[in-house]
Amino acid sequence: MKVCKVPRIVIVEADRALAFMMAESFTSAGFKVVGCARNARDAIELVQQHKPDMLILEFDLEGQMNGLELVAQIKLRHPATRTILVTGWDINDIAARIEGVHPDRIVRKPFMPQKLIEVIEHAHHRASPLPAVAATLPPPPPSFHMH
């Protein structure tokens with residue numbers, strides 16, 4: 001039997017109550033929450049310090065950078081870190097804002113904690129199909145054309 005390691009998670013959420021609820025839910029599910037941040041700057045520090053497997057983040061963050069910009073920074077510096085964007089924004093609106101690097105999954109608010117836990121498990125194990133609450137964005141178009 002193959003034993004998979006427990007995913008190490010950083011949560012980036014401006015709403016303290018929601019961040020606390022997610023941390024409690026993830027810990028109860030057996031995941032290891034290594035830190036919480038309210039803005040991109042603190043999130044980048046946590047990721048560099050703890051090297052988590054996964055970043056669970058909101059689109060609207062405190063500070064200068066939004067969640068998509070944070071995803072781009074994390075993927076540039078730590079490409080193996082999986083990212084799950086949790087947002088109340090329309091998924092099509094989010095998809096229209098993405099240039100190049102995109103989150104591994106998007107989960108719409110409001111969500112049930114168990115559904116988010118399932119999305120994390122699938123993303124961590126790279127399993128398919130995904131629960132209905134998640135959306136996987138198509139890969140960005142190639143930046144070059146072959147002739």
# chains A, B, ... in the order shown; residues from 1 in each chain; ligands from 1
>>> residues_around(residues="Phe111 of chain A", least_positions_apart="2", cutoff="10 Å", atoms="only C-alpha atoms", output="list in words")
Val86, Thr87, Gly88, Val107, Arg108, Lys109, Pro113, Gln114, Lys115, Leu116 and Val133 of chain A
>>> write_last_selection(atoms="C-alpha atoms", output="short mmCIF file (atom, residue, chain, number, x, y, z; two decimals), in the first residue's frame")
data_model
loop_
_atom_site.label_atom_id
_atom_site.label_comp_id
_atom_site.auth_asym_id
_atom_site.auth_seq_id
_atom_site.Cartn_x
_atom_site.Cartn_y
_atom_site.Cartn_z
CA VAL A 86 -11.09 30.34 -3.43
CA THR A 87 -13.29 33.21 -4.55
CA GLY A 88 -16.75 34.67 -4.77
CA VAL A 107 -13.37 26.94 -5.85
CA ARG A 108 -16.39 29.23 -5.71
CA LYS A 109 -17.57 30.81 -2.46
CA PRO A 113 -15.57 22.79 4.03
CA GLN A 114 -15.83 19.11 3.01
CA LYS A 115 -16.00 20.09 -0.69
CA LEU A 116 -12.82 22.18 -0.36
CA VAL A 133 -17.43 22.56 -7.09
#
>>> residues_around(residues="segment 39-50 of chain A", least_positions_apart="3", cutoff="10 Å", atoms="only C-alpha atoms", output="ChimeraX atom specification")
/A:8-14,34-36,53-55,57-58,60-67,69-71,73-74,77-78,81
>>> atom_distance(atom1="atom CA of Ile106 of chain A", atom2="atom CA of Ile84 of chain A")
5.6 Å
>>> closest_residue(among="A:Ile56, A:Phe26, A:Thr83, A:His102", to="Arg38 of chain A", atoms="only C-alpha atoms")
A:Ile56
>>> atom_distance(atom1="atom CA of Gly100 of chain A", atom2="atom CA of His125 of chain A")
23.6 Å
>>> select_by_dssp(residues="segment 3-79 of chain A", states="strand (DSSP E or B)", output="ChimeraX atom specification")
/A:8-12,32-37,39,54-58,62
>>> select_by_dssp(residues="segment 2-138 of chain A", states="alpha helix (DSSP H)", output="JSON, numbers by chain")
{"A": [16, 17, 18, 19, 20, 21, 22, 23, 24, 25, 26, 27, 28, 40, 41, 42, 43, 44, 45, 46, 47, 48, 49, 50, 67, 68, 69, 70, 71, 72, 73, 74, 75, 76, 77, 91, 92, 93, 94, 95, 96, 97, 113, 114, 115, 116, 117, 118, 119, 120, 121, 122, 123, 124, 125]}
